[in-house]
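Structure data (compact mmCIF, C-alpha atoms) from model-v2.txt:
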```txt
# COMPACT_ATOMS: atom_id res chain seq x y z
CA MET Z 96 -15.31 4.98 -14.29
CA LYS Z 97 -16.01 2.65 -11.36
CA PRO Z 98 -14.28 3.76 -8.15
CA THR Z 99 -11.88 1.47 -6.29
CA GLU Z 100 -13.70 0.45 -3.10
CA GLY Z 101 -13.20 -1.60 0.03
CA THR Z 102 -13.86 -1.75 3.76
CA LEU Z 103 -11.32 -1.70 6.58
CA ARG Z 104 -12.28 -3.14 9.98
CA LEU Z 105 -10.63 -3.04 13.38
CA GLN Z 106 -10.04 -6.61 14.57
CA THR Z 107 -8.52 -5.84 17.97
CA VAL Z 108 -11.36 -3.94 19.65
CA GLU Z 109 -10.25 -4.79 23.20
CA GLY Z 110 -6.88 -3.77 24.60
CA ASP Z 111 -4.14 -1.88 22.76
CA GLY Z 112 -4.05 -3.91 19.54
CA LEU Z 113 -3.73 -2.21 16.16
CA ARG Z 114 -4.79 -4.98 13.79
CA PHE Z 115 -7.10 -4.12 10.89
CA GLU Z 116 -8.40 -6.18 7.99
CA ALA Z 117 -9.07 -4.58 4.61
CA GLU Z 118 -11.63 -6.33 2.44
CA PHE Z 119 -11.84 -5.89 -1.34
CA PRO Z 120 -13.84 -7.81 -3.97
CA SER Z 121 -10.79 -10.00 -4.75
CA GLY Z 122 -9.58 -10.66 -1.21
CA ARG Z 123 -8.26 -9.36 2.09
CA ILE Z 124 -5.15 -7.74 3.54
CA VAL Z 125 -4.39 -7.82 7.27
CA LEU Z 126 -2.31 -4.92 8.58
CA ASP Z 127 -0.90 -4.71 12.09
CA SER Z 128 1.17 -2.13 13.97
CA GLY Z 129 0.58 -3.38 17.49
CA ALA Z 130 2.98 -5.03 19.93
CA GLY Z 131 3.62 -8.57 18.67
CA ALA Z 132 2.20 -7.70 15.24
CA VAL Z 133 1.06 -10.71 13.21
CA ALA Z 134 1.04 -8.93 9.84
CA PRO Z 135 2.87 -6.16 7.96
CA ASN Z 136 2.10 -2.56 8.88
CA PRO Z 137 0.74 0.14 6.52
CA VAL Z 138 4.25 1.45 5.77
CA HIS Z 139 5.24 -2.06 4.64
CA ALA Z 140 2.04 -2.32 2.58
CA LEU Z 141 2.84 0.93 0.79
CA LEU Z 142 6.31 -0.32 -0.19
CA ALA Z 143 4.83 -3.65 -1.34
CA ALA Z 144 2.18 -1.81 -3.38
CA VAL Z 145 4.82 0.20 -5.26
CA ALA Z 146 7.06 -2.84 -5.86
CA ALA Z 147 4.24 -5.18 -6.92
CA CYS Z 148 2.68 -2.57 -9.22
CA GLU Z 149 6.02 -2.22 -11.03
CA ALA Z 150 6.76 -5.95 -10.99
CA MET Z 151 3.36 -6.84 -12.50
CA ASP Z 152 4.05 -4.48 -15.40
CA VAL Z 153 7.59 -5.80 -15.79
CA ILE Z 154 6.69 -9.50 -15.83
CA GLY Z 155 3.84 -8.82 -18.25
CA LEU Z 156 6.15 -6.95 -20.60
CA MET Z 157 8.91 -9.58 -20.30
CA ARG Z 158 6.42 -12.28 -21.27
CA LYS Z 159 5.34 -10.26 -24.30
CA LYS Z 160 9.02 -10.00 -25.24
CA ARG Z 161 9.30 -13.83 -25.06
CA GLN Z 162 11.81 -13.66 -22.22
CA ALA Z 163 11.95 -16.98 -20.32
CA VAL Z 164 11.71 -15.80 -16.69
CA THR Z 165 11.85 -18.68 -14.16
CA ALA Z 166 11.96 -16.58 -10.97
CA TYR Z 167 11.41 -12.92 -10.12
CA GLU Z 168 12.22 -11.35 -6.79
CA VAL Z 169 12.26 -7.69 -5.76
CA ARG Z 170 14.35 -6.60 -2.79
CA MET Z 171 12.44 -3.67 -1.35
CA SER Z 172 13.99 -1.02 0.86
CA GLY Z 173 12.80 2.39 2.01
CA GLU Z 174 14.17 5.21 4.12
CA ARG Z 175 11.86 7.31 6.29
CA ALA Z 176 12.01 10.71 7.96
CA ALA Z 177 13.22 10.67 11.56
CA GLU Z 178 10.44 12.96 12.81
CA PRO Z 179 6.65 12.66 12.40
CA PRO Z 180 5.09 12.39 9.95
CA ARG Z 181 7.65 9.62 9.30
CA ARG Z 182 6.98 9.59 5.58
CA TYR Z 183 9.21 7.81 3.10
CA THR Z 184 12.14 9.91 1.90
CA SER Z 185 13.33 7.35 -0.66
CA MET Z 186 12.69 3.81 -1.91
CA THR Z 187 15.07 1.38 -3.60
CA LEU Z 188 13.80 -1.62 -5.55
CA VAL Z 189 16.25 -4.23 -6.83
CA HIS Z 190 14.59 -6.47 -9.43
CA ARG Z 191 16.29 -9.88 -9.56
CA LEU Z 192 15.17 -11.84 -12.59
CA THR Z 193 16.26 -15.43 -13.12
CA GLY Z 194 15.81 -17.15 -16.48
CA HIS Z 195 17.26 -18.57 -19.66
CA GLY Z 196 19.23 -16.03 -21.68
CA LEU Z 197 17.38 -12.97 -20.35
CA GLU Z 198 18.30 -9.81 -22.25
CA ALA Z 199 19.34 -6.66 -20.37
CA ALA Z 200 17.67 -4.47 -23.00
CA ALA Z 201 14.33 -6.22 -22.43
CA VAL Z 202 14.43 -5.62 -18.65
CA GLU Z 203 15.58 -2.03 -19.07
CA ASP Z 204 12.79 -1.31 -21.52
CA SER Z 205 10.19 -2.96 -19.25
CA LEU Z 206 11.36 -0.99 -16.20
CA ARG Z 207 11.41 2.24 -18.19
CA LEU Z 208 7.83 1.70 -19.40
CA THR Z 209 6.43 0.98 -15.92
CA VAL Z 210 8.11 4.06 -14.45
CA GLU Z 211 7.36 6.42 -17.33
CA LYS Z 212 3.96 5.20 -18.40
CA TYR Z 213 2.09 2.44 -16.61
CA CYS Z 214 2.52 2.08 -12.86
CA SER Z 215 -0.54 3.59 -11.12
CA VAL Z 216 0.95 3.29 -7.64
CA TYR Z 217 4.36 4.71 -8.56
CA HIS Z 218 2.62 7.80 -9.96
CA THR Z 219 0.50 8.29 -6.82
CA ILE Z 220 3.64 8.71 -4.67
CA ARG Z 221 5.01 12.21 -4.00
CA PRO Z 222 7.36 13.18 -6.83
CA ASP Z 223 10.00 14.29 -4.30
CA VAL Z 224 10.36 10.71 -2.98
CA PRO Z 225 13.02 9.24 -5.27
CA ILE Z 226 12.27 5.63 -6.26
CA THR Z 227 15.44 3.98 -7.53
CA ASN Z 228 15.04 0.85 -9.66
CA ARG Z 229 17.97 -1.48 -10.27
CA TYR Z 230 18.05 -4.95 -11.77
CA GLU Z 231 20.13 -8.10 -11.69
CA LEU Z 232 19.93 -10.92 -14.21
CA ILE Z 233 20.67 -14.48 -13.09
CA GLU Z 234 21.14 -17.38 -15.52
CA ALA Z 235 18.92 -20.29 -14.51
CA MET O 139 17.69 4.80 11.27
CA LYS O 140 16.96 1.24 10.15
CA PRO O 141 15.45 1.06 6.66
CA THR O 142 12.08 -0.60 6.01
CA GLU O 143 12.88 -3.81 4.15
CA GLY O 144 11.16 -6.79 2.55
CA THR O 145 11.19 -9.16 -0.38
CA LEU O 146 8.57 -9.55 -3.10
CA ARG O 147 8.38 -12.84 -5.04
CA LEU O 148 6.48 -13.90 -8.16
CA GLN O 149 4.29 -16.88 -7.31
CA THR O 150 2.79 -17.50 -10.77
CA VAL O 151 5.94 -18.21 -12.79
CA GLU O 152 4.14 -20.25 -15.45
CA GLY O 153 1.36 -18.83 -17.64
CA ASP O 154 -0.05 -15.30 -17.45
CA GLY O 155 -0.56 -15.04 -13.69
CA LEU O 156 0.30 -11.84 -11.83
CA ARG O 157 0.37 -13.06 -8.22
CA PHE O 158 3.19 -11.86 -5.95
CA GLU O 159 3.86 -12.37 -2.26
CA ALA O 160 5.58 -9.66 -0.20
CA GLU O 161 7.43 -10.86 2.88
CA PHE O 162 8.28 -8.60 5.82
CA PRO O 163 9.60 -9.42 9.31
CA SER O 164 6.05 -9.35 10.74
CA GLY O 165 4.21 -11.21 7.97
CA ARG O 166 3.16 -11.44 4.35
CA ILE O 167 0.87 -9.73 1.87
CA VAL O 168 -0.34 -11.47 -1.30
CA LEU O 169 -1.15 -9.17 -4.23
CA ASP O 170 -2.77 -10.29 -7.45
CA SER O 171 -3.78 -8.53 -10.68
CA GLY O 172 -4.24 -11.60 -12.87
CA ALA O 173 -7.41 -13.08 -14.34
CA GLY O 174 -9.32 -14.71 -11.47
CA ALA O 175 -7.23 -12.84 -8.89
CA VAL O 176 -7.23 -14.45 -5.44
CA ALA O 177 -6.01 -11.34 -3.58
CA PRO O 178 -6.24 -7.54 -3.72
CA ASN O 179 -4.13 -5.72 -6.31
CA PRO O 180 -1.47 -3.06 -5.62
CA VAL O 181 -3.97 -0.23 -6.14
CA HIS O 182 -6.17 -1.76 -3.44
CA ALA O 183 -3.15 -2.21 -1.18
CA LEU O 184 -2.25 1.46 -1.53
CA LEU O 185 -5.77 2.55 -0.50
CA ALA O 186 -5.70 0.11 2.44
CA ALA O 187 -2.28 1.42 3.50
CA VAL O 188 -3.56 5.01 3.65
CA ALA O 189 -6.76 4.05 5.47
CA ALA O 190 -5.07 1.72 7.99
CA CYS O 191 -2.29 4.19 8.71
CA GLU O 192 -4.89 6.82 9.59
CA ALA O 193 -7.14 4.40 11.47
CA MET O 194 -4.28 3.11 13.65
CA ASP O 195 -3.50 6.68 14.70
CA VAL O 196 -7.19 7.44 15.29
CA ILE O 197 -7.95 4.37 17.41
CA GLY O 198 -4.77 4.95 19.45
CA LEU O 199 -5.76 8.56 20.10
CA MET O 200 -9.38 7.63 20.88
CA ARG O 201 -8.17 5.13 23.47
CA LYS O 202 -5.95 7.78 25.05
CA LYS O 203 -9.00 10.03 25.22
CA ARG O 204 -10.89 7.24 27.08
CA GLN O 205 -13.46 6.92 24.31
CA ALA O 206 -15.22 3.53 24.48
CA VAL O 207 -14.99 2.34 20.85
CA THR O 208 -16.66 -1.05 20.27
CA ALA O 209 -16.30 -1.18 16.46
CA TYR O 210 -14.37 0.81 13.87
CA GLU O 211 -14.86 0.52 10.14
CA VAL O 212 -13.49 2.66 7.32
CA ARG O 213 -15.32 2.75 3.97
CA MET O 214 -12.53 3.30 1.46
CA SER O 215 -13.08 4.72 -2.01
CA GLY O 216 -10.72 6.09 -4.63
CA GLU O 217 -11.04 7.59 -8.08
CA ARG O 218 -8.38 7.01 -10.71
CA ALA O 219 -7.30 8.66 -13.95
CA ALA O 220 -8.87 7.19 -17.09
CA GLU O 221 -5.56 7.03 -18.99
CA PRO O 222 -2.23 5.41 -17.99
CA PRO O 223 -0.62 5.84 -15.60
CA ARG O 224 -4.01 5.30 -13.92
CA ARG O 225 -2.93 6.99 -10.71
CA TYR O 226 -5.36 7.95 -7.98
CA THR O 227 -6.93 11.37 -8.49
CA SER O 228 -8.76 11.37 -5.13
CA MET O 229 -9.51 9.18 -2.12
CA THR O 230 -12.44 9.32 0.28
CA LEU O 231 -12.33 7.64 3.69
CA VAL O 232 -15.46 7.45 5.84
CA HIS O 233 -14.57 6.50 9.42
CA ARG O 234 -17.53 4.80 11.13
CA LEU O 235 -16.96 4.51 14.85
CA THR O 236 -19.37 2.65 17.08
CA GLY O 237 -19.25 3.00 20.86
CA HIS O 238 -20.73 4.25 24.08
CA GLY O 239 -21.16 8.04 24.14
CA LEU O 240 -18.39 8.78 21.65
CA GLU O 241 -17.61 12.50 21.43
CA ALA O 242 -17.48 14.23 18.04
CA ALA O 243 -14.71 16.52 19.27
CA ALA O 244 -12.54 13.51 20.16
CA VAL O 245 -12.87 11.98 16.68
CA GLU O 246 -12.32 15.31 14.96
CA ASP O 247 -9.19 15.96 16.99
CA SER O 248 -7.87 12.44 16.30
CA LEU O 249 -8.48 12.76 12.55
CA ARG O 250 -6.88 16.19 12.48
CA LEU O 251 -3.77 14.92 14.26
CA THR O 252 -3.27 11.95 11.91
CA VAL O 253 -3.66 14.12 8.82
CA GLU O 254 -1.61 17.07 10.06
CA LYS O 255 1.05 15.30 12.04
CA TYR O 256 1.33 11.54 12.27
CA CYS O 257 0.31 9.45 9.28
CA SER O 258 3.46 8.34 7.42
CA VAL O 259 1.54 6.88 4.48
CA TYR O 260 -0.80 9.87 4.04
CA HIS O 261 2.23 12.13 3.80
CA THR O 262 3.94 9.91 1.19
CA ILE O 263 1.03 10.41 -1.25
CA ARG O 264 1.19 13.19 -3.86
CA PRO O 265 -0.13 16.42 -2.32
CA ASP O 266 -2.35 16.97 -5.38
CA VAL O 267 -4.35 13.81 -4.61
CA PRO O 268 -7.07 15.09 -2.25
CA ILE O 269 -7.79 12.67 0.60
CA THR O 270 -11.17 13.47 2.13
CA ASN O 271 -11.85 12.17 5.65
CA ARG O 272 -15.38 12.03 7.02
CA TYR O 273 -16.73 10.34 10.10
CA GLU O 274 -19.94 8.88 11.47
CA LEU O 275 -20.63 8.07 15.11
CA ILE O 276 -22.95 5.20 15.99
CA GLU O 277 -24.27 4.58 19.51
CA ALA O 278 -23.62 0.96 20.52
```

Give the structure from this file in structure tokens form.
Amino acid sequence: MKPTEGTLRLQTVEGDGLRFEAEFPSGRIVLDSGAGAVAPNPVHALLAAVAACEAMDVIGLMRKKRQAVTAYEVRMSGERAAEPPRRYTSMTLVHRLTGHGLEAAAVEDSLRLTVEKYCSVYHTIRPDVPITNRYELIEA
Amino acid sequence: MKPTEGTLRLQTVEGDGLRFEAEFPSGRIVLDSGAGAVAPNPVHALLAAVAACEAMDVIGLMRKKRQAVTAYEVRMSGERAAEPPRRYTSMTLVHRLTGHGLEAAAVEDSLRLTVEKYCSVYHTIRPDVPITNRYELIEA
């Protein structure tokens, strides 16, 4: 199978800046941890990767289930260890789906499938980092 | 300690699109897994998060060691499982540092410190996913 590949480059060569750009076949991600950062940092990117991986599965499954989703937002939150390495100790993802007559069973089933079966990023995270998924349904 | 927080939003509400935008206090990341994707996908973002987390530590340490780095590139590569969940099974990061008289011992020490002590993202990945770090030094 073809490996996943890309190139990361330091953009702030002079001074103390910590801005890098990652380039992949489909586009770029800028990451920044410096003073006055202009982009998310790698810890943000990791949280976004987990949330988006799940959300892509969920919206795909909801569409297959003929659920009329008109907006989908995930509130992402993570706690980290106080001492280095300041790894995540937990993540909480609240999936807020807006639509017409969305069914709780459809969302629950979609979330269950991404967590148990599909989400590549979720399953690359340490198993001792609890990832809590909740959902809210909003009538459009 | 303050949690890490952000909001992810579906941009492609109509049709089959899988484009999301993650918003954090310091900026945004667009992620896309749809047909004709215009941005990296979550699996790319995860690889970039690991590589950038390490590289930010390494460049910071190299600067402290008074190493004159004029360019820094990381070739990122990851293998994934063939069956769902298609989690990473390994990652390989080749750190290519260009500069004036860069010392191998300085790079080795910086890489060792990020892996053993500092990198928050590295330490949030499953311990059974081997992350191999290599380096190349190029005289400017």

As a PDB file with C-alpha atoms, in the coordinates of the input, please: the residues near O:Met194 (cut-off 12 Å, only C-alpha atoms, same-chain neighbours under 2 positions excluded).
```
ATOM      1  CA  LEU Z 103     -11.320  -1.700   6.580  1.00  0.00           C
ATOM      2  CA  ARG Z 104     -12.280  -3.140   9.980  1.00  0.00           C
ATOM      3  CA  LEU Z 105     -10.630  -3.040  13.380  1.00  0.00           C
ATOM      4  CA  GLN Z 106     -10.040  -6.610  14.570  1.00  0.00           C
ATOM      5  CA  THR Z 107      -8.520  -5.840  17.970  1.00  0.00           C
ATOM      6  CA  VAL Z 108     -11.360  -3.940  19.650  1.00  0.00           C
ATOM      7  CA  ASP Z 111      -4.140  -1.880  22.760  1.00  0.00           C
ATOM      8  CA  GLY Z 112      -4.050  -3.910  19.540  1.00  0.00           C
ATOM      9  CA  LEU Z 113      -3.730  -2.210  16.160  1.00  0.00           C
ATOM     10  CA  ARG Z 114      -4.790  -4.980  13.790  1.00  0.00           C
ATOM     11  CA  PHE Z 115      -7.100  -4.120  10.890  1.00  0.00           C
ATOM     12  CA  GLU Z 116      -8.400  -6.180   7.990  1.00  0.00           C
ATOM     13  CA  LEU Z 126      -2.310  -4.920   8.580  1.00  0.00           C
ATOM     14  CA  ASP Z 127      -0.900  -4.710  12.090  1.00  0.00           C
ATOM     15  CA  SER Z 128       1.170  -2.130  13.970  1.00  0.00           C
ATOM     16  CA  GLY Z 129       0.580  -3.380  17.490  1.00  0.00           C
ATOM     17  CA  ASN Z 136       2.100  -2.560   8.880  1.00  0.00           C
ATOM     18  CA  PRO Z 137       0.740   0.140   6.520  1.00  0.00           C
ATOM     19  CA  VAL Z 138       4.250   1.450   5.770  1.00  0.00           C
TER      20      VAL Z 138
ATOM     21  CA  ALA O 186      -5.700   0.110   2.440  1.00  0.00           C
ATOM     22  CA  ALA O 187      -2.280   1.420   3.500  1.00  0.00           C
ATOM     23  CA  VAL O 188      -3.560   5.010   3.650  1.00  0.00           C
ATOM     24  CA  ALA O 189      -6.760   4.050   5.470  1.00  0.00           C
ATOM     25  CA  ALA O 190      -5.070   1.720   7.990  1.00  0.00           C
ATOM     26  CA  CYS O 191      -2.290   4.190   8.710  1.00  0.00           C
ATOM     27  CA  GLU O 192      -4.890   6.820   9.590  1.00  0.00           C
ATOM     28  CA  VAL O 196      -7.190   7.440  15.290  1.00  0.00           C
ATOM     29  CA  ILE O 197      -7.950   4.370  17.410  1.00  0.00           C
ATOM     30  CA  GLY O 198      -4.770   4.950  19.450  1.00  0.00           C
ATOM     31  CA  LEU O 199      -5.760   8.560  20.100  1.00  0.00           C
ATOM     32  CA  MET O 200      -9.380   7.630  20.880  1.00  0.00           C
ATOM     33  CA  ARG O 201      -8.170   5.130  23.470  1.00  0.00           C
ATOM     34  CA  TYR O 210     -14.370   0.810  13.870  1.00  0.00           C
ATOM     35  CA  GLU O 211     -14.860   0.520  10.140  1.00  0.00           C
ATOM     36  CA  VAL O 212     -13.490   2.660   7.320  1.00  0.00           C
ATOM     37  CA  HIS O 233     -14.570   6.500   9.420  1.00  0.00           C
ATOM     38  CA  SER O 248      -7.870  12.440  16.300  1.00  0.00           C
ATOM     39  CA  LEU O 249      -8.480  12.760  12.550  1.00  0.00           C
ATOM     40  CA  LEU O 251      -3.770  14.920  14.260  1.00  0.00           C
ATOM     41  CA  THR O 252      -3.270  11.950  11.910  1.00  0.00           C
ATOM     42  CA  TYR O 256       1.330  11.540  12.270  1.00  0.00           C
ATOM     43  CA  CYS O 257       0.310   9.450   9.280  1.00  0.00           C
ATOM     44  CA  SER O 258       3.460   8.340   7.420  1.00  0.00           C
ATOM     45  CA  VAL O 259       1.540   6.880   4.480  1.00  0.00           C
TER      46      VAL O 259
END
```

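Distances here use all atoms listed in the file; by that measure, the residue among O:Ala219, O:Met214, O:Val207, O:Ala177 closest to Z:Thr219 is O:Ala219.
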
Nearest to O:Thr227, restricted to only C-alpha atoms and choosing among Z:Ala130, Z:Ile220, Z:Ala117, Z:Leu141, comes out as Z:Ile220

Counting all atoms listed in the file, select every polymer residue within 10 Å of (12.4, 15.1, -1.2) as defined in the file's coordinates, and provide the selection as a PyMOL selection string. chain Z and resi 183-185+221-225

Would you mind aligning chain O to chain Z, a least-squares fit over all C-alpha atoms taken in order, and returning the superposed chain as a tab-separated table (two decimals) with C-alpha atoms, in the coordinates of the input?
```tsv
chain	number	residue	atom	x	y	z
O	139	MET	CA	-15.30	4.96	-14.30
O	140	LYS	CA	-16.01	2.65	-11.36
O	141	PRO	CA	-14.27	3.75	-8.16
O	142	THR	CA	-11.87	1.46	-6.28
O	143	GLU	CA	-13.70	0.45	-3.12
O	144	GLY	CA	-13.21	-1.60	0.04
O	145	THR	CA	-13.86	-1.75	3.75
O	146	LEU	CA	-11.32	-1.69	6.57
O	147	ARG	CA	-12.29	-3.14	9.97
O	148	LEU	CA	-10.63	-3.05	13.39
O	149	GLN	CA	-10.04	-6.61	14.57
O	150	THR	CA	-8.51	-5.84	17.98
O	151	VAL	CA	-11.37	-3.95	19.64
O	152	GLU	CA	-10.27	-4.77	23.18
O	153	GLY	CA	-6.89	-3.74	24.62
O	154	ASP	CA	-4.16	-1.86	22.75
O	155	GLY	CA	-4.08	-3.90	19.54
O	156	LEU	CA	-3.74	-2.19	16.17
O	157	ARG	CA	-4.79	-4.99	13.80
O	158	PHE	CA	-7.11	-4.13	10.89
O	159	GLU	CA	-8.41	-6.20	8.00
O	160	ALA	CA	-9.07	-4.59	4.60
O	161	GLU	CA	-11.64	-6.33	2.43
O	162	PHE	CA	-11.83	-5.90	-1.34
O	163	PRO	CA	-13.81	-7.81	-3.99
O	164	SER	CA	-10.79	-10.02	-4.75
O	165	GLY	CA	-9.56	-10.68	-1.21
O	166	ARG	CA	-8.25	-9.35	2.08
O	167	ILE	CA	-5.15	-7.74	3.53
O	168	VAL	CA	-4.38	-7.83	7.27
O	169	LEU	CA	-2.30	-4.92	8.59
O	170	ASP	CA	-0.90	-4.70	12.08
O	171	SER	CA	1.17	-2.12	13.97
O	172	GLY	CA	0.57	-3.38	17.50
O	173	ALA	CA	2.97	-5.02	19.94
O	174	GLY	CA	3.62	-8.56	18.66
O	175	ALA	CA	2.20	-7.69	15.24
O	176	VAL	CA	1.07	-10.71	13.22
O	177	ALA	CA	1.05	-8.92	9.84
O	178	PRO	CA	2.88	-6.16	7.96
O	179	ASN	CA	2.10	-2.55	8.87
O	180	PRO	CA	0.75	0.15	6.52
O	181	VAL	CA	4.26	1.44	5.76
O	182	HIS	CA	5.23	-2.06	4.62
O	183	ALA	CA	2.04	-2.32	2.58
O	184	LEU	CA	2.83	0.93	0.79
O	185	LEU	CA	6.32	-0.31	-0.19
O	186	ALA	CA	4.84	-3.64	-1.35
O	187	ALA	CA	2.19	-1.80	-3.38
O	188	VAL	CA	4.83	0.20	-5.26
O	189	ALA	CA	7.06	-2.83	-5.85
O	190	ALA	CA	4.23	-5.17	-6.93
O	191	CYS	CA	2.69	-2.57	-9.21
O	192	GLU	CA	6.02	-2.22	-11.01
O	193	ALA	CA	6.76	-5.95	-10.99
O	194	MET	CA	3.37	-6.85	-12.50
O	195	ASP	CA	4.04	-4.47	-15.39
O	196	VAL	CA	7.60	-5.79	-15.80
O	197	ILE	CA	6.70	-9.50	-15.83
O	198	GLY	CA	3.83	-8.82	-18.26
O	199	LEU	CA	6.16	-6.95	-20.60
O	200	MET	CA	8.91	-9.58	-20.28
O	201	ARG	CA	6.43	-12.28	-21.26
O	202	LYS	CA	5.35	-10.25	-24.29
O	203	LYS	CA	9.02	-9.99	-25.23
O	204	ARG	CA	9.29	-13.82	-25.05
O	205	GLN	CA	11.82	-13.66	-22.23
O	206	ALA	CA	11.94	-16.97	-20.32
O	207	VAL	CA	11.70	-15.80	-16.69
O	208	THR	CA	11.84	-18.68	-14.17
O	209	ALA	CA	11.96	-16.58	-10.97
O	210	TYR	CA	11.41	-12.92	-10.12
O	211	GLU	CA	12.21	-11.34	-6.79
O	212	VAL	CA	12.26	-7.69	-5.76
O	213	ARG	CA	14.38	-6.60	-2.78
O	214	MET	CA	12.44	-3.68	-1.34
O	215	SER	CA	13.99	-1.01	0.86
O	216	GLY	CA	12.79	2.39	2.01
O	217	GLU	CA	14.17	5.20	4.12
O	218	ARG	CA	11.88	7.31	6.28
O	219	ALA	CA	12.03	10.71	7.96
O	220	ALA	CA	13.23	10.65	11.57
O	221	GLU	CA	10.44	12.95	12.81
O	222	PRO	CA	6.64	12.64	12.40
O	223	PRO	CA	5.07	12.36	9.97
O	224	ARG	CA	7.66	9.63	9.30
O	225	ARG	CA	6.99	9.60	5.58
O	226	TYR	CA	9.21	7.81	3.10
O	227	THR	CA	12.14	9.92	1.90
O	228	SER	CA	13.34	7.35	-0.66
O	229	MET	CA	12.69	3.82	-1.90
O	230	THR	CA	15.06	1.39	-3.59
O	231	LEU	CA	13.80	-1.61	-5.55
O	232	VAL	CA	16.25	-4.23	-6.84
O	233	HIS	CA	14.58	-6.46	-9.43
O	234	ARG	CA	16.29	-9.87	-9.56
O	235	LEU	CA	15.17	-11.84	-12.58
O	236	THR	CA	16.25	-15.41	-13.13
O	237	GLY	CA	15.80	-17.13	-16.49
O	238	HIS	CA	17.23	-18.57	-19.65
O	239	GLY	CA	19.22	-16.01	-21.67
O	240	LEU	CA	17.37	-12.96	-20.35
O	241	GLU	CA	18.28	-9.80	-22.26
O	242	ALA	CA	19.34	-6.66	-20.38
O	243	ALA	CA	17.66	-4.47	-22.99
O	244	ALA	CA	14.33	-6.23	-22.41
O	245	VAL	CA	14.43	-5.63	-18.64
O	246	GLU	CA	15.57	-2.04	-19.06
O	247	ASP	CA	12.78	-1.33	-21.52
O	248	SER	CA	10.19	-2.97	-19.23
O	249	LEU	CA	11.36	-0.99	-16.19
O	250	ARG	CA	11.39	2.24	-18.18
O	251	LEU	CA	7.83	1.67	-19.39
O	252	THR	CA	6.43	0.97	-15.91
O	253	VAL	CA	8.11	4.05	-14.44
O	254	GLU	CA	7.36	6.41	-17.32
O	255	LYS	CA	3.96	5.18	-18.38
O	256	TYR	CA	2.09	2.43	-16.59
O	257	CYS	CA	2.51	2.07	-12.85
O	258	SER	CA	-0.54	3.59	-11.11
O	259	VAL	CA	0.95	3.28	-7.63
O	260	TYR	CA	4.37	4.71	-8.55
O	261	HIS	CA	2.64	7.77	-9.96
O	262	THR	CA	0.51	8.27	-6.82
O	263	ILE	CA	3.65	8.71	-4.67
O	264	ARG	CA	5.02	12.21	-4.00
O	265	PRO	CA	7.37	13.19	-6.84
O	266	ASP	CA	10.00	14.29	-4.29
O	267	VAL	CA	10.35	10.72	-2.98
O	268	PRO	CA	13.02	9.24	-5.28
O	269	ILE	CA	12.27	5.64	-6.26
O	270	THR	CA	15.44	3.97	-7.53
O	271	ASN	CA	15.04	0.85	-9.68
O	272	ARG	CA	17.96	-1.48	-10.28
O	273	TYR	CA	18.05	-4.94	-11.77
O	274	GLU	CA	20.13	-8.10	-11.71
O	275	LEU	CA	19.93	-10.93	-14.22
O	276	ILE	CA	20.68	-14.48	-13.12
O	277	GLU	CA	21.14	-17.38	-15.55
O	278	ALA	CA	18.90	-20.29	-14.54
```

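Considering the residues Z:His139, Z:Thr227, Z:Glu118, Z:Arg207 and counting only C-alpha atoms, Z:Arg175 has its shortest atom-to-atom contact with Z:His139.
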
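Taking atom CA of O:Met229 and atom CA of Z:Ser172 as endpoints, the distance between them is 25.8 Å.
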
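The space between atom CA of O:Pro163 and atom CA of Z:Ile124 spans 15.9 Å.
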
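For the residues Z:Asp152, Z:Pro180, Z:Val125, Z:Gln162, ranking by smallest atom-to-atom distance to chain O using all atoms listed in the file places Z:Pro180 first.
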
In Å and to one decimal, atom CA of Z:Leu232 is distant from atom CA of Z:Glu203 by 11.0 Å

From the list O:His238, O:Glu152, O:Glu254, O:Arg225, the nearest residue to chain Z using all atoms listed in the file is O:Arg225

Using only C-alpha atoms, the best pick from O:Leu185, O:Pro141, O:Glu277, O:Arg272 as closest to O:Tyr260 would be O:Leu185

Could you write stretch 207-212 of chain Z as a PDB file, in the coordinates of the input, with N, CA, C and O atoms rebuilt where they are missing?
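Okay, this is what ended up in out08.pdb:
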```pdb
ATOM      1  N   ARG Z 207      11.620   0.874 -17.726  1.00  0.00           N
ATOM      2  CA  ARG Z 207      11.410   2.240 -18.190  1.00  0.00           C
ATOM      3  C   ARG Z 207       9.921   2.486 -18.450  1.00  0.00           C
ATOM      4  O   ARG Z 207       9.367   3.506 -18.042  1.00  0.00           O
ATOM      5  N   LEU Z 208       9.257   1.527 -19.082  1.00  0.00           N
ATOM      6  CA  LEU Z 208       7.830   1.700 -19.400  1.00  0.00           C
ATOM      7  C   LEU Z 208       6.967   1.765 -18.148  1.00  0.00           C
ATOM      8  O   LEU Z 208       6.035   2.569 -18.079  1.00  0.00           O
ATOM      9  N   THR Z 209       7.263   0.925 -17.141  1.00  0.00           N
ATOM     10  CA  THR Z 209       6.430   0.980 -15.920  1.00  0.00           C
ATOM     11  C   THR Z 209       6.603   2.312 -15.217  1.00  0.00           C
ATOM     12  O   THR Z 209       5.621   2.916 -14.772  1.00  0.00           O
ATOM     13  N   VAL Z 210       7.835   2.810 -15.164  1.00  0.00           N
ATOM     14  CA  VAL Z 210       8.110   4.060 -14.450  1.00  0.00           C
ATOM     15  C   VAL Z 210       7.574   5.263 -15.224  1.00  0.00           C
ATOM     16  O   VAL Z 210       7.003   6.190 -14.645  1.00  0.00           O
ATOM     17  N   GLU Z 211       7.748   5.247 -16.541  1.00  0.00           N
ATOM     18  CA  GLU Z 211       7.360   6.420 -17.330  1.00  0.00           C
ATOM     19  C   GLU Z 211       5.878   6.425 -17.679  1.00  0.00           C
ATOM     20  O   GLU Z 211       5.294   7.486 -17.864  1.00  0.00           O
ATOM     21  N   LYS Z 212       5.288   5.231 -17.782  1.00  0.00           N
ATOM     22  CA  LYS Z 212       3.960   5.200 -18.400  1.00  0.00           C
ATOM     23  C   LYS Z 212       2.867   4.479 -17.606  1.00  0.00           C
ATOM     24  O   LYS Z 212       1.747   4.961 -17.530  1.00  0.00           O
TER      25      LYS Z 212
END
```
